[in-house]
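Note: the block below is structure.txt and it holds compact mmCIF, C-alpha atoms.
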```txt
# COMPACT_ATOMS: atom_id res chain seq x y z
CA MET A 685 123.43 -30.44 -170.26
CA THR A 686 125.43 -27.46 -171.60
CA GLU A 687 123.55 -25.18 -174.01
CA ARG A 688 125.35 -24.73 -177.31
CA ALA A 689 126.76 -21.19 -177.76
CA ARG A 690 124.76 -19.05 -180.14
CA PRO A 691 126.82 -17.78 -183.09
CA PRO A 692 127.30 -14.00 -183.42
CA SER A 693 125.21 -12.11 -185.93
CA VAL A 694 126.73 -11.73 -189.40
CA ASP A 695 126.55 -7.95 -189.19
CA ALA A 696 128.20 -7.77 -185.76
CA LEU A 697 131.02 -10.06 -186.84
CA ALA A 698 131.54 -8.10 -190.05
CA ARG A 699 131.73 -4.81 -188.12
CA SER A 700 134.39 -6.28 -185.86
CA LEU A 701 136.58 -6.66 -188.95
CA ALA A 702 136.37 -3.00 -189.98
CA ASP A 703 140.11 -2.48 -189.43
CA ARG A 704 140.83 -4.72 -192.46
CA GLY A 705 140.07 -1.78 -194.76
CA LEU A 706 137.69 -3.76 -196.96
CA PRO A 707 134.20 -2.65 -198.05
CA HIS A 708 131.54 -3.79 -195.58
CA ALA A 709 129.95 -6.04 -198.22
CA LEU A 710 133.16 -8.09 -198.45
CA LEU A 711 133.46 -8.28 -194.67
CA VAL A 712 129.92 -9.62 -194.59
CA ASP A 713 130.98 -12.34 -197.05
CA ALA A 714 133.87 -13.31 -194.78
CA ALA A 715 131.67 -13.30 -191.67
CA ARG A 716 128.90 -15.31 -193.33
CA ALA A 717 131.35 -17.94 -194.60
CA ALA A 718 132.96 -18.27 -191.15
CA ILE A 719 129.63 -18.70 -189.40
CA ALA A 720 128.43 -21.20 -192.00
CA ALA A 721 131.59 -23.23 -191.40
CA GLY A 722 130.87 -23.26 -187.65
CA ASP A 723 134.06 -21.29 -186.99
CA PRO A 724 133.32 -17.58 -186.40
CA GLY A 725 136.90 -17.13 -185.24
CA SER A 726 138.11 -17.71 -188.79
CA ALA A 727 136.36 -14.58 -190.07
CA ALA A 728 139.48 -12.41 -189.77
CA ALA A 729 141.61 -14.92 -191.72
CA ARG A 730 138.89 -15.16 -194.38
CA ALA A 731 138.83 -11.37 -194.69
CA ASP A 732 142.61 -11.36 -195.04
CA ASP A 733 142.32 -13.96 -197.81
CA ILE A 734 139.88 -11.71 -199.65
CA ALA A 735 142.31 -8.79 -199.35
CA ALA A 736 145.23 -10.92 -200.53
CA ALA A 737 143.31 -11.82 -203.72
CA LEU A 738 142.97 -8.14 -204.74
CA LEU A 739 145.42 -6.43 -207.07
CA ARG A 740 148.06 -4.62 -205.01
CA PRO A 741 151.67 -3.44 -205.34
CA VAL A 742 154.38 -6.01 -204.57
CA ILE A 743 158.17 -5.94 -204.53
CA ASN A 744 159.68 -8.26 -207.12
CA ALA A 745 162.85 -9.79 -205.65
CA THR A 746 162.84 -12.84 -207.94
CA GLY A 747 165.39 -11.59 -210.45
CA VAL A 748 162.87 -12.21 -213.26
CA LEU A 749 162.49 -8.81 -214.89
CA LEU A 750 159.39 -9.65 -216.94
CA HIS A 751 157.61 -11.83 -214.40
CA THR A 752 154.33 -12.93 -215.98
CA ASN A 753 152.66 -13.50 -212.59
CA LEU A 754 153.65 -9.99 -211.52
CA GLY A 755 152.42 -8.18 -214.63
CA ARG A 756 155.57 -8.48 -216.77
CA ALA A 757 157.16 -5.08 -217.48
CA PRO A 758 156.83 -2.65 -214.56
CA LEU A 759 155.45 0.71 -215.58
CA GLY A 760 156.77 4.13 -214.62
CA ALA A 761 154.42 6.89 -213.54
CA ALA A 762 150.73 6.03 -213.74
CA PRO A 763 148.75 7.71 -216.54
CA PRO A 764 146.88 10.82 -215.34
CA GLY A 765 143.22 10.49 -214.47
CA GLY A 766 140.36 12.49 -215.91
CA TYR A 767 139.51 12.97 -219.57
CA ALA A 768 141.94 12.81 -222.51
CA ASN A 769 141.77 13.57 -226.21
CA LEU A 770 141.58 9.86 -227.00
CA GLU A 771 139.54 10.31 -230.19
CA LEU A 772 139.39 14.10 -230.50
CA ASP A 773 141.52 16.17 -232.85
CA LEU A 774 142.34 19.25 -230.76
CA ARG A 775 143.33 21.19 -233.88
CA THR A 776 139.97 20.84 -235.64
CA GLY A 777 137.59 19.89 -232.85
CA GLN A 778 136.48 16.94 -234.96
CA ARG A 779 136.63 13.25 -234.15
CA GLY A 780 140.20 11.96 -234.19
CA SER A 781 141.84 8.53 -234.21
CA ARG A 782 143.35 6.40 -231.47
CA GLY A 783 146.19 5.76 -233.90
CA ASP A 784 147.31 9.39 -233.77
CA HIS A 785 148.98 8.96 -230.40
CA ALA A 786 150.93 5.91 -229.21
CA ALA A 787 150.71 4.00 -232.50
CA SER A 788 152.19 6.78 -234.61
CA LEU A 789 155.03 7.26 -232.12
CA LEU A 790 155.81 3.53 -232.10
CA ALA A 791 155.86 3.52 -235.89
CA ARG A 792 158.40 6.33 -235.83
CA ALA A 793 160.55 4.55 -233.25
CA ALA A 794 160.45 1.25 -235.19
CA GLY A 795 161.13 2.77 -238.61
CA ALA A 796 157.68 1.69 -239.85
CA GLU A 797 155.30 3.53 -242.16
CA ALA A 798 152.40 2.93 -239.76
CA ALA A 799 151.42 1.02 -236.63
CA LEU A 800 148.30 -0.19 -234.85
CA VAL A 801 147.84 -1.07 -231.18
CA VAL A 802 145.60 -3.90 -229.93
CA ASN A 803 145.18 -5.50 -226.53
CA ASN A 804 147.94 -8.16 -226.58
CA GLY A 805 150.52 -9.89 -228.77
CA ALA A 806 148.33 -12.85 -229.71
CA ALA A 807 145.59 -10.42 -230.78
CA ALA A 808 148.07 -8.62 -233.03
CA LEU A 809 148.91 -11.82 -234.88
CA LEU A 810 145.25 -12.91 -235.03
CA LEU A 811 144.26 -9.58 -236.57
CA ALA A 812 147.11 -9.60 -239.07
CA LEU A 813 146.18 -13.06 -240.33
CA ALA A 814 142.46 -12.32 -240.41
CA ALA A 815 142.98 -9.12 -242.39
CA MET A 816 145.60 -10.42 -244.81
CA ALA A 817 144.84 -14.12 -245.25
CA ARG A 818 141.28 -15.04 -244.26
CA GLY A 819 140.05 -17.84 -246.52
CA ARG A 820 143.53 -18.36 -247.95
CA ALA A 821 146.72 -20.20 -247.01
CA VAL A 822 149.62 -19.10 -244.81
CA VAL A 823 153.04 -20.80 -245.00
CA VAL A 824 154.89 -21.46 -241.72
CA SER A 825 157.98 -23.49 -240.88
CA ARG A 826 157.27 -26.51 -238.69
CA GLY A 827 160.02 -25.30 -236.39
CA GLU A 828 158.02 -22.13 -235.69
CA LEU A 829 154.66 -23.64 -234.73
CA VAL A 830 155.17 -22.58 -231.15
CA GLU A 831 152.91 -22.61 -228.12
CA ILE A 832 152.62 -19.28 -226.34
CA GLY A 833 151.48 -18.58 -222.78
CA GLY A 834 148.27 -20.11 -221.51
CA GLY A 835 148.46 -23.10 -223.85
CA PHE A 836 147.57 -21.17 -227.01
CA ARG A 837 149.29 -22.42 -230.15
CA ILE A 838 150.09 -20.77 -233.47
CA PRO A 839 147.93 -23.25 -235.47
CA GLU A 840 144.97 -22.50 -233.19
CA VAL A 841 145.39 -18.74 -233.52
CA MET A 842 145.60 -19.17 -237.28
CA GLN A 843 142.47 -21.31 -237.35
CA GLN A 844 140.53 -18.59 -235.53
CA SER A 845 141.71 -16.04 -238.09
CA GLY A 846 140.13 -18.03 -240.91
CA ALA A 847 143.46 -18.68 -242.62
CA ARG A 848 144.66 -22.15 -243.60
CA LEU A 849 147.99 -23.48 -242.38
CA VAL A 850 150.58 -24.85 -244.79
CA GLU A 851 153.53 -26.38 -242.94
CA VAL A 852 156.99 -26.55 -244.52
CA GLY A 853 160.34 -28.01 -243.50
CA THR A 854 160.99 -30.05 -240.39
CA THR A 855 161.10 -29.27 -236.69
CA ASN A 856 164.81 -28.43 -236.72
CA ARG A 857 165.61 -27.54 -240.36
CA THR A 858 163.73 -25.47 -242.90
CA ARG A 859 165.26 -24.23 -246.17
CA LEU A 860 164.24 -21.67 -248.79
CA ALA A 861 163.48 -24.54 -251.16
CA ASP A 862 160.78 -25.75 -248.76
CA TYR A 863 158.94 -22.44 -249.10
CA GLU A 864 159.43 -22.42 -252.89
CA ARG A 865 157.93 -25.90 -253.12
CA ALA A 866 154.90 -24.82 -251.08
CA LEU A 867 154.33 -21.82 -253.34
CA ALA A 868 154.46 -24.09 -256.37
CA ASP A 869 152.01 -26.58 -254.84
CA HIS A 870 149.42 -24.07 -253.56
CA ASP A 871 147.90 -21.25 -255.58
CA ASP A 872 146.07 -19.53 -252.72
CA ILE A 873 148.95 -18.59 -250.43
CA ALA A 874 148.43 -15.06 -249.11
CA VAL A 875 151.19 -14.66 -246.56
CA ILE A 876 154.49 -16.15 -245.45
CA LEU A 877 154.55 -16.15 -241.67
CA LYS A 878 157.75 -16.27 -239.61
CA VAL A 879 157.44 -16.73 -235.85
CA HIS A 880 160.30 -16.05 -233.45
CA GLN A 881 160.86 -18.86 -230.96
CA SER A 882 160.87 -16.33 -228.15
CA ASN A 883 160.08 -18.68 -225.26
CA TYR A 884 162.59 -21.45 -225.98
CA ARG A 885 165.88 -21.93 -227.79
CA MET A 886 166.73 -24.55 -230.42
CA VAL A 887 170.40 -25.48 -230.80
CA GLY A 888 172.40 -28.11 -232.65
CA PHE A 889 171.62 -29.36 -236.15
CA THR A 890 169.28 -26.53 -237.14
CA ALA A 891 168.56 -24.31 -240.12
CA ALA A 892 166.08 -21.49 -240.74
CA VAL A 893 165.40 -18.98 -243.50
CA ASP A 894 165.92 -15.32 -242.68
CA VAL A 895 163.47 -12.55 -243.48
CA GLY A 896 165.53 -11.15 -246.33
CA GLU A 897 165.45 -14.46 -248.17
CA LEU A 898 161.72 -14.91 -247.58
CA ALA A 899 161.06 -11.43 -248.97
CA THR A 900 162.50 -12.52 -252.33
CA LEU A 901 159.64 -14.97 -252.84
CA GLY A 902 157.22 -12.21 -253.82
CA LEU A 903 154.59 -12.63 -251.13
CA PRO A 904 153.94 -10.47 -248.04
CA VAL A 905 156.08 -11.61 -245.10
CA VAL A 906 154.56 -11.22 -241.65
CA VAL A 907 156.95 -11.71 -238.73
CA ASP A 908 155.86 -12.25 -235.15
CA ILE A 909 158.99 -11.09 -233.33
CA GLY A 910 157.30 -11.78 -229.99
CA SER A 911 159.23 -9.90 -227.34
CA GLY A 912 159.10 -6.44 -228.87
CA LEU A 913 162.69 -5.25 -229.19
CA LEU A 914 162.38 -2.05 -231.23
CA ASP A 915 165.92 -1.63 -232.53
CA ALA A 916 168.85 -4.06 -232.29
CA THR A 917 171.28 -1.13 -231.87
CA THR A 918 169.48 -0.02 -228.63
CA PRO A 919 170.16 3.72 -229.10
CA TRP A 920 168.24 4.41 -225.87
CA LEU A 921 171.02 2.76 -223.83
CA ARG A 922 174.49 4.02 -223.02
CA GLY A 923 177.14 1.93 -224.74
CA ALA A 924 176.76 -1.21 -226.82
CA PRO A 925 173.66 -3.45 -226.75
CA PRO A 926 173.74 -5.93 -223.83
CA ALA A 927 175.28 -9.29 -224.70
CA TRP A 928 172.15 -11.13 -223.59
CA LEU A 929 170.23 -9.54 -226.48
CA ALA A 930 172.39 -11.27 -229.10
CA GLY A 931 170.21 -12.91 -231.73
CA GLU A 932 166.97 -11.28 -230.58
CA PRO A 933 165.04 -9.99 -233.62
CA ALA A 934 164.12 -6.31 -233.61
CA ALA A 935 161.26 -4.50 -235.34
CA ARG A 936 163.38 -1.93 -237.19
CA GLN A 937 165.83 -4.43 -238.65
CA THR A 938 163.09 -6.96 -239.49
CA LEU A 939 161.16 -4.36 -241.46
CA ALA A 940 164.33 -3.15 -243.17
CA ALA A 941 165.03 -6.73 -244.24
CA GLY A 942 161.75 -6.81 -246.17
CA ALA A 943 158.95 -7.79 -243.80
CA GLU A 944 155.55 -6.33 -244.69
CA LEU A 945 154.43 -6.39 -241.09
CA VAL A 946 155.83 -7.21 -237.65
CA THR A 947 153.77 -8.04 -234.58
CA PHE A 948 154.95 -8.00 -230.97
CA SER A 949 153.93 -7.57 -227.34
CA GLY A 950 153.99 -4.28 -225.50
CA ASP A 951 154.80 -5.61 -222.03
CA LYS A 952 157.99 -7.53 -222.75
CA LEU A 953 161.22 -6.04 -224.09
CA LEU A 954 159.31 -2.94 -225.17
CA GLY A 955 158.82 -2.26 -221.45
CA GLY A 956 155.28 -0.91 -221.68
CA PRO A 957 151.78 -2.04 -220.68
CA GLN A 958 150.09 -5.20 -221.90
CA ALA A 959 149.32 -4.54 -225.56
CA GLY A 960 149.96 -5.89 -229.01
CA VAL A 961 151.58 -3.87 -231.77
CA LEU A 962 151.37 -4.28 -235.54
CA ALA A 963 153.91 -2.16 -237.42
CA GLY A 964 154.99 -2.04 -241.04
CA ARG A 965 153.75 -0.97 -244.46
CA ALA A 966 150.91 1.54 -244.39
CA HIS A 967 148.64 -0.50 -246.65
CA ALA A 968 149.04 -3.63 -244.49
CA VAL A 969 148.45 -1.76 -241.24
CA GLY A 970 145.49 -0.01 -242.86
CA ALA A 971 143.93 -3.33 -243.85
CA CYS A 972 144.25 -4.49 -240.25
CA ALA A 973 142.77 -1.25 -238.89
CA ARG A 974 139.74 -1.58 -241.18
CA HIS A 975 139.01 -5.18 -240.21
CA PRO A 976 135.98 -5.65 -237.90
CA LEU A 977 138.16 -7.44 -235.34
CA ALA A 978 140.19 -4.26 -234.83
CA ARG A 979 137.41 -2.67 -232.80
CA ALA A 980 136.93 -5.78 -230.67
CA LEU A 981 140.65 -5.95 -229.94
CA ARG A 982 141.41 -2.28 -229.35
CA PRO A 983 142.84 -1.20 -225.97
CA GLY A 984 141.52 1.53 -223.69
CA GLY A 985 142.84 4.97 -222.99
CA LEU A 986 144.91 4.00 -219.93
CA VAL A 987 146.89 1.46 -221.96
CA LEU A 988 147.41 3.91 -224.82
CA ALA A 989 148.56 6.64 -222.41
CA ALA A 990 151.12 4.31 -220.82
CA LEU A 991 152.26 3.14 -224.24
CA GLN A 992 152.60 6.73 -225.42
CA ALA A 993 154.83 7.53 -222.44
CA THR A 994 156.96 4.50 -223.29
CA ALA A 995 157.23 5.47 -226.96
CA LEU A 996 158.21 9.04 -226.10
CA ALA A 997 161.01 7.71 -223.90
CA TYR A 998 162.33 5.70 -226.85
CA LEU A 999 162.20 8.71 -229.14
CA ARG A 1000 164.17 10.69 -226.53
CA ASN A 1001 166.67 7.80 -226.33
CA ASP A 1002 165.96 7.83 -222.59
CA GLY A 1003 166.27 4.21 -221.47
CA ASP A 1004 166.34 5.27 -217.82
CA ALA A 1005 162.71 6.38 -218.14
CA ILE A 1006 161.68 2.81 -218.97
CA PRO A 1007 161.85 0.76 -215.73
CA PHE A 1008 162.62 -2.52 -217.52
CA TRP A 1009 165.71 -1.13 -219.26
CA ARG A 1010 166.80 0.78 -216.18
CA MET A 1011 166.78 -2.46 -214.14
CA ALA A 1012 168.18 -4.65 -216.91
CA THR A 1013 171.28 -2.51 -217.32
CA LEU A 1014 172.16 -1.87 -213.67
CA ASP A 1015 175.85 -2.29 -212.90
CA VAL A 1016 176.56 -5.52 -210.99
CA ALA A 1017 179.06 -3.75 -208.74
CA GLY A 1018 176.33 -1.35 -207.67
CA LEU A 1019 173.99 -4.24 -206.89
CA ARG A 1020 176.70 -5.84 -204.75
CA ARG A 1021 177.12 -2.61 -202.80
CA ARG A 1022 173.38 -2.47 -202.19
CA ALA A 1023 173.43 -6.09 -200.98
CA GLN A 1024 176.24 -5.31 -198.55
CA ALA A 1025 174.41 -2.24 -197.25
CA LEU A 1026 171.09 -4.05 -196.81
CA GLY A 1027 171.99 -5.29 -193.32
CA ALA A 1028 169.96 -8.48 -193.70
CA GLY A 1029 170.90 -11.79 -195.26
CA GLU A 1030 174.16 -12.87 -196.82
CA PRO A 1031 175.26 -10.97 -199.96
CA VAL A 1032 175.44 -13.37 -202.92
CA ASP A 1033 176.01 -13.22 -206.65
CA THR A 1034 172.93 -14.28 -208.61
CA ALA A 1035 171.74 -14.74 -212.18
CA ALA A 1036 168.71 -12.73 -213.28
CA VAL A 1037 166.71 -13.43 -216.44
CA ALA A 1038 164.57 -11.33 -218.74
CA GLY A 1039 161.59 -13.69 -218.34
CA GLY A 1040 158.16 -13.29 -219.93
CA GLY A 1041 159.07 -15.60 -222.80
CA SER A 1042 161.99 -13.36 -223.85
CA VAL A 1043 165.63 -14.26 -224.63
CA PRO A 1044 165.31 -17.81 -223.22
CA GLY A 1045 168.37 -19.50 -221.77
CA LEU A 1046 170.35 -16.27 -221.36
CA GLU A 1047 171.22 -14.91 -217.94
CA ILE A 1048 172.05 -11.45 -216.66
CA ALA A 1049 174.72 -11.25 -213.97
CA SER A 1050 173.20 -9.89 -210.77
CA ALA A 1051 173.50 -9.77 -206.99
CA GLY A 1052 171.29 -9.96 -203.93
CA VAL A 1053 171.03 -11.52 -200.49
CA ALA A 1054 170.14 -14.99 -199.21
CA ILE A 1055 168.96 -16.56 -195.95
CA ASP A 1056 168.80 -20.26 -195.09
CA GLY A 1057 165.48 -22.05 -195.52
CA ASP A 1058 162.30 -21.33 -197.42
CA HIS A 1059 160.79 -18.08 -196.14
CA THR A 1060 158.85 -17.13 -199.26
CA ALA A 1061 155.45 -17.46 -197.54
CA THR A 1062 156.51 -15.10 -194.75
CA LEU A 1063 157.82 -12.59 -197.27
CA ARG A 1064 154.57 -12.75 -199.25
CA ALA A 1065 152.65 -11.99 -196.05
CA HIS A 1066 154.74 -8.87 -195.40
CA GLU A 1067 153.28 -5.43 -196.07
CA PRO A 1068 154.01 -4.75 -198.85
CA PRO A 1069 154.53 -8.33 -200.07
CA VAL A 1070 158.06 -9.26 -201.11
CA ILE A 1071 158.23 -11.97 -203.77
CA ALA A 1072 161.46 -13.99 -203.61
CA ARG A 1073 162.71 -17.36 -204.87
CA VAL A 1074 164.25 -20.45 -203.31
CA HIS A 1075 167.56 -21.81 -204.61
CA ASP A 1076 169.55 -24.66 -203.08
CA GLY A 1077 167.51 -24.53 -199.87
CA ARG A 1078 167.95 -20.79 -199.39
CA THR A 1079 165.60 -17.87 -199.90
CA VAL A 1080 167.18 -15.46 -202.38
CA CYS A 1081 166.21 -11.83 -202.95
CA ASP A 1082 167.71 -10.62 -206.23
CA LEU A 1083 168.15 -6.85 -206.14
CA ARG A 1084 168.18 -6.33 -209.93
CA THR A 1085 164.38 -6.35 -209.89
CA VAL A 1086 164.07 -4.29 -206.70
CA ASP A 1087 163.99 -0.51 -206.91
CA ALA A 1088 166.74 0.90 -204.68
CA SER A 1089 164.14 2.92 -202.76
CA ASP A 1090 162.58 -0.40 -201.66
CA ASP A 1091 165.80 -1.82 -200.17
CA PRO A 1092 164.77 -0.86 -196.59
CA VAL A 1093 161.47 -2.69 -197.07
CA VAL A 1094 163.26 -5.83 -198.26
CA ALA A 1095 165.67 -5.62 -195.30
CA LYS A 1096 162.80 -5.29 -192.82
CA ALA A 1097 160.95 -8.23 -194.40
CA LEU A 1098 164.05 -10.44 -194.28
CA LEU A 1099 164.73 -9.54 -190.65
CA SER A 1100 161.17 -10.58 -189.80
CA CYS A 1101 161.99 -14.04 -191.16
CA THR A 1102 164.96 -14.52 -188.85
CA SER A 1103 163.82 -12.75 -185.67
```
As structure tokens - that is how I would like this structure written.
Amino acid sequence: MTERARPPSVDALARSLADRGLPHALLVDAARAAIAAGDPGSAAARADDIAAALLRPVINATGVLLHTNLGRAPLGAAPPGGYANLELDLRTGQRGSRGDHAASLLARAAGAEAALVVNNGAAALLLALAAMARGRAVVVSRGELVEIGGGFRIPEVMQQSGARLVEVGTTNRTRLADYERALADHDDIAVILKVHQSNYRMVGFTAAVDVGELATLGLPVVVDIGSGLLDATTPWLRGAPPAWLAGEPAARQTLAAGAELVTFSGDKLLGGPQAGVLAGRAHAVGACARHPLARALRPGGLVLAALQATALAYLRNDGDAIPFWRMATLDVAGLRRRAQALGAGEPVDTAAVAGGGSVPGLEIASAGVAIDGDHTATLRAHEPPVIARVHDGRTVCDLRTVDASDDPVVAKALLSCTS
């Protein structure tokens, strides 16, 4: 009778995995799980799975510029470490305000009297409604009761704010008279809310009321513009605004049309870190800043530092300093030349998209390379991982979302798929 082999000790097996670069405690977890499963040989694969679950840099070759799974807008240089004057006034030595940095710069760039930064776009809208309409009614077109990422819906956000929803119009057509009727029927309406349908597009027999018309009704108009375009004239870019931005609402023009407040995300068309921005009239922003939720929703210093760098680039009209705009406006001919020079895969014309719930249905002409078959798993296992897409049975790497300095990495990863 053969004696059953004794399993290795957890510590010995964990030490054999030291080359994985993980803390010993995590290697112990991998070793213990492998031994418990009766398969000590799987410890290395389990350790690799732990490493793969950690945050790490990847190369986005999907052609989706604001890829939600990849963190949406890529950031430029990382904020410096160490201390910062987050809430210290260096002129007086007294306590300062977080709003003196990124928020004030964003207000200047958007043509607003004031601005406030919170931790995401949904939080910005929640805070605006809680501060301006808690215990009262808010009028919204039925065609704007959208669902945002993660299954959250405008009516649910409003419910959490303590405001009461009053729906007007129909799914596809809402007129000024619908709002007027609601104002006549309800005496506790605090705000008219307009929500941009930033993650889908409605075409055909449709009608909506613009901000200028809503502002004539005499109540504060709050507009969730969603994607965070600061100025429709895009002065930070060379030449005219890109055609794919047509119809996208912008903060400056929305406020100029009469909105009391606009809310938007920081990590979409703004091109900054995940954040939410409220910008508009000083009294409205002040009411939001004084609300108890403002402290619960405020971002940390790293986010504010990254947002400040983004805002300064806008004020310099330096679109090249914002990675999203630099990639979005690359010349297609240049992308084709890069594809030809890559030395791996077949050069192909592609169609990139903004992504992240921005400018839905509109494509950006692009170029990249393709190889036959689905090799996305192999590319993800590369170091660093390359994230591609499959189209018509081919693996496509779109170079619009790849920094030119990473082209050799993409070429090496593709060659590993075909060797």
Query raised in the report: Could you name the residues that touch stretch 897-908 of chain A at 9 Å or less, counting all atoms listed in the file, but leaving out those on the same chain fewer than 2 positions away, as a PyMOL selection string?
Result: chain A and resi 805+808-809+812-813+816+860+863-864+867+873-880+893-895+910-911+938-939+941-948
Per residue of stretch 951-999 of chain A within 9 Å of stretch 753-770 of chain A, which atom pair is closest and at what distance in Å (one decimal), using only C-alpha atoms, listed by chain and increasing number, as a Markdown table?
```
| residue | atom | partner | partner_atom | distance |
| --- | --- | --- | --- | --- |
| A:Asp951 | CA | A:Ala757 | CA | 5.2 |
| A:Lys952 | CA | A:Ala757 | CA | 5.9 |
| A:Leu953 | CA | A:Ala757 | CA | 7.8 |
| A:Leu954 | CA | A:Ala757 | CA | 8.3 |
| A:Gly955 | CA | A:Ala757 | CA | 5.1 |
| A:Gly956 | CA | A:Ala757 | CA | 6.2 |
| A:Pro957 | CA | A:Leu759 | CA | 6.9 |
| A:Gln958 | CA | A:Arg756 | CA | 8.2 |
| A:Gly984 | CA | A:Leu770 | CA | 9.0 |
| A:Gly985 | CA | A:Leu770 | CA | 6.4 |
| A:Leu986 | CA | A:Pro763 | CA | 6.3 |
| A:Val987 | CA | A:Pro763 | CA | 8.5 |
| A:Leu988 | CA | A:Leu770 | CA | 8.6 |
| A:Ala989 | CA | A:Pro763 | CA | 6.0 |
| A:Ala990 | CA | A:Pro763 | CA | 6.0 |
| A:Ala993 | CA | A:Pro763 | CA | 8.5 |
| A:Thr994 | CA | A:Gly760 | CA | 8.7 |
```
Query - Length of the atom CA of A:Arg837 to atom CA of A:Glu932 vector [Å] - result: 20.9 Å
Query - Straight-line distance linking atom CA of A:Leu977 with atom CA of A:Asp784, stated in Å to one decimal - result: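 Result for atom CA of A:Leu977 versus atom CA of A:Asp784: 19.2 Å, one decimal.
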Query raised in the report: What is the distance between atom CA of A:Ala821 and atom CA of A:Asp871, in Å to one decimal?
Result: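 Taking atom CA of A:Ala821 as the start and atom CA of A:Asp871 as the end point, the length is 8.7 Å.
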Query raised in the report: For A:Met1011, which residue among A:Arg1084, A:Arg865, A:Arg716, A:Arg782 is the nearest when counting all atoms listed in the file?
Result: A:Arg1084
Query raised in the report: So which residues fall inside 9 Å of (165.0, -13.4, -215.1) if we count only C-alpha atoms? Mind giving them as an MDAnalysis selection string?
Result: chainID A and resid 746:751 1035:1040 1046:1048 1085
Which residues of stretch 859-936 of chain A come within 10 Å of stretch 1013-1031 of chain A, and for each one, what is the closest pair of atoms and their distance in Å to one decimal, counting all atoms listed in the file, sorted by chain and residue number, as JSON lines?
```
{"residue": "A:Leu921", "atom": "CA", "partner": "A:Thr1013", "partner_atom": "CA", "distance": 8.4}
{"residue": "A:Arg922", "atom": "CA", "partner": "A:Thr1013", "partner_atom": "CA", "distance": 9.2}
{"residue": "A:Pro925", "atom": "CA", "partner": "A:Thr1013", "partner_atom": "CA", "distance": 9.8}
{"residue": "A:Pro926", "atom": "CA", "partner": "A:Thr1013", "partner_atom": "CA", "distance": 7.8}
```
Saved selection, atoms kept: C-alpha atoms, as a PDB file, in the frame of the given file:
```
ATOM      1  CA  LEU A 921     171.020   2.760-223.830  1.00  0.00           C
ATOM      2  CA  ARG A 922     174.490   4.020-223.020  1.00  0.00           C
ATOM      3  CA  PRO A 925     173.660  -3.450-226.750  1.00  0.00           C
ATOM      4  CA  PRO A 926     173.740  -5.930-223.830  1.00  0.00           C
TER       5      PRO A 926
END
```
Requested in this report: Tell me which of A:Leu811, A:Ala934, A:Val1053, A:Ala729 sits closest to A:Ala968, counting all atoms listed in the file.
Outcome: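 Nearest candidate to A:Ala968 out of A:Leu811, A:Ala934, A:Val1053, A:Ala729: A:Leu811.
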Could you pull the residues within 9 Å of A:Ala1072, counting all atoms listed in the file, minus those fewer than 5 positions along the same chain, as a PDB file with C-alpha atoms, in the frame of the given file?
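Below you can see result26.pdb, which holds the result:
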```
ATOM      1  CA  ILE A 743     158.170  -5.940-204.530  1.00  0.00           C
ATOM      2  CA  ASN A 744     159.680  -8.260-207.120  1.00  0.00           C
ATOM      3  CA  ALA A 745     162.850  -9.790-205.650  1.00  0.00           C
ATOM      4  CA  THR A 746     162.840 -12.840-207.940  1.00  0.00           C
ATOM      5  CA  GLY A 747     165.390 -11.590-210.450  1.00  0.00           C
ATOM      6  CA  HIS A1059     160.790 -18.080-196.140  1.00  0.00           C
ATOM      7  CA  THR A1060     158.850 -17.130-199.260  1.00  0.00           C
ATOM      8  CA  LEU A1063     157.820 -12.590-197.270  1.00  0.00           C
ATOM      9  CA  ARG A1064     154.570 -12.750-199.250  1.00  0.00           C
ATOM     10  CA  THR A1079     165.600 -17.870-199.900  1.00  0.00           C
ATOM     11  CA  VAL A1080     167.180 -15.460-202.380  1.00  0.00           C
ATOM     12  CA  CYS A1081     166.210 -11.830-202.950  1.00  0.00           C
ATOM     13  CA  ASP A1082     167.710 -10.620-206.230  1.00  0.00           C
TER      14      ASP A1082
END
```
Query raised in the report: For A:Val850, which of A:Ala868, A:Arg826, A:Glu831, A:Leu772 is the closest residue, counting all atoms listed in the file?
Result: A:Arg826
Report task. In the coordinates of the file, take the point (126.3, -13.4, -191.5) and a cut-off of 6 Å; then, counting all atoms listed in the file, name each qualifying protein, DNA or RNA residue as a ChimeraX atom specification. Result -> /A:693-695,715-716
Using the file's own x, y and z axes, so that the box edges lie along x, y and z, what centre and edge lengths in Å (one decimal) does a box around every listed atom of stretch 804-821 of chain A get when 4 Å is added on each side? Give it as lines of an AutoDock Vina configuration file.
```
center_x = 145.3
center_y = -14.2
center_z = -237.3
size_x = 18.5
size_y = 20.0
size_z = 29.4
```
Residues near A:Asp915, cut-off 8 Å, only C-alpha atoms, skip fewer than 2 positions along chain, as an mmCIF file with C-alpha atoms, keeping the file's coordinate frame:
```
data_model
loop_
_atom_site.group_PDB
_atom_site.id
_atom_site.type_symbol
_atom_site.label_atom_id
_atom_site.label_comp_id
_atom_site.auth_asym_id
_atom_site.auth_seq_id
_atom_site.Cartn_x
_atom_site.Cartn_y
_atom_site.Cartn_z
ATOM 1 C CA ALA A 794 160.450 1.250 -235.190
ATOM 2 C CA LEU A 913 162.690 -5.250 -229.190
ATOM 3 C CA THR A 917 171.280 -1.130 -231.870
ATOM 4 C CA THR A 918 169.480 -0.020 -228.630
ATOM 5 C CA PRO A 919 170.160 3.720 -229.100
ATOM 6 C CA ALA A 934 164.120 -6.310 -233.610
ATOM 7 C CA ALA A 935 161.260 -4.500 -235.340
ATOM 8 C CA ARG A 936 163.380 -1.930 -237.190
ATOM 9 C CA GLN A 937 165.830 -4.430 -238.650
#
```
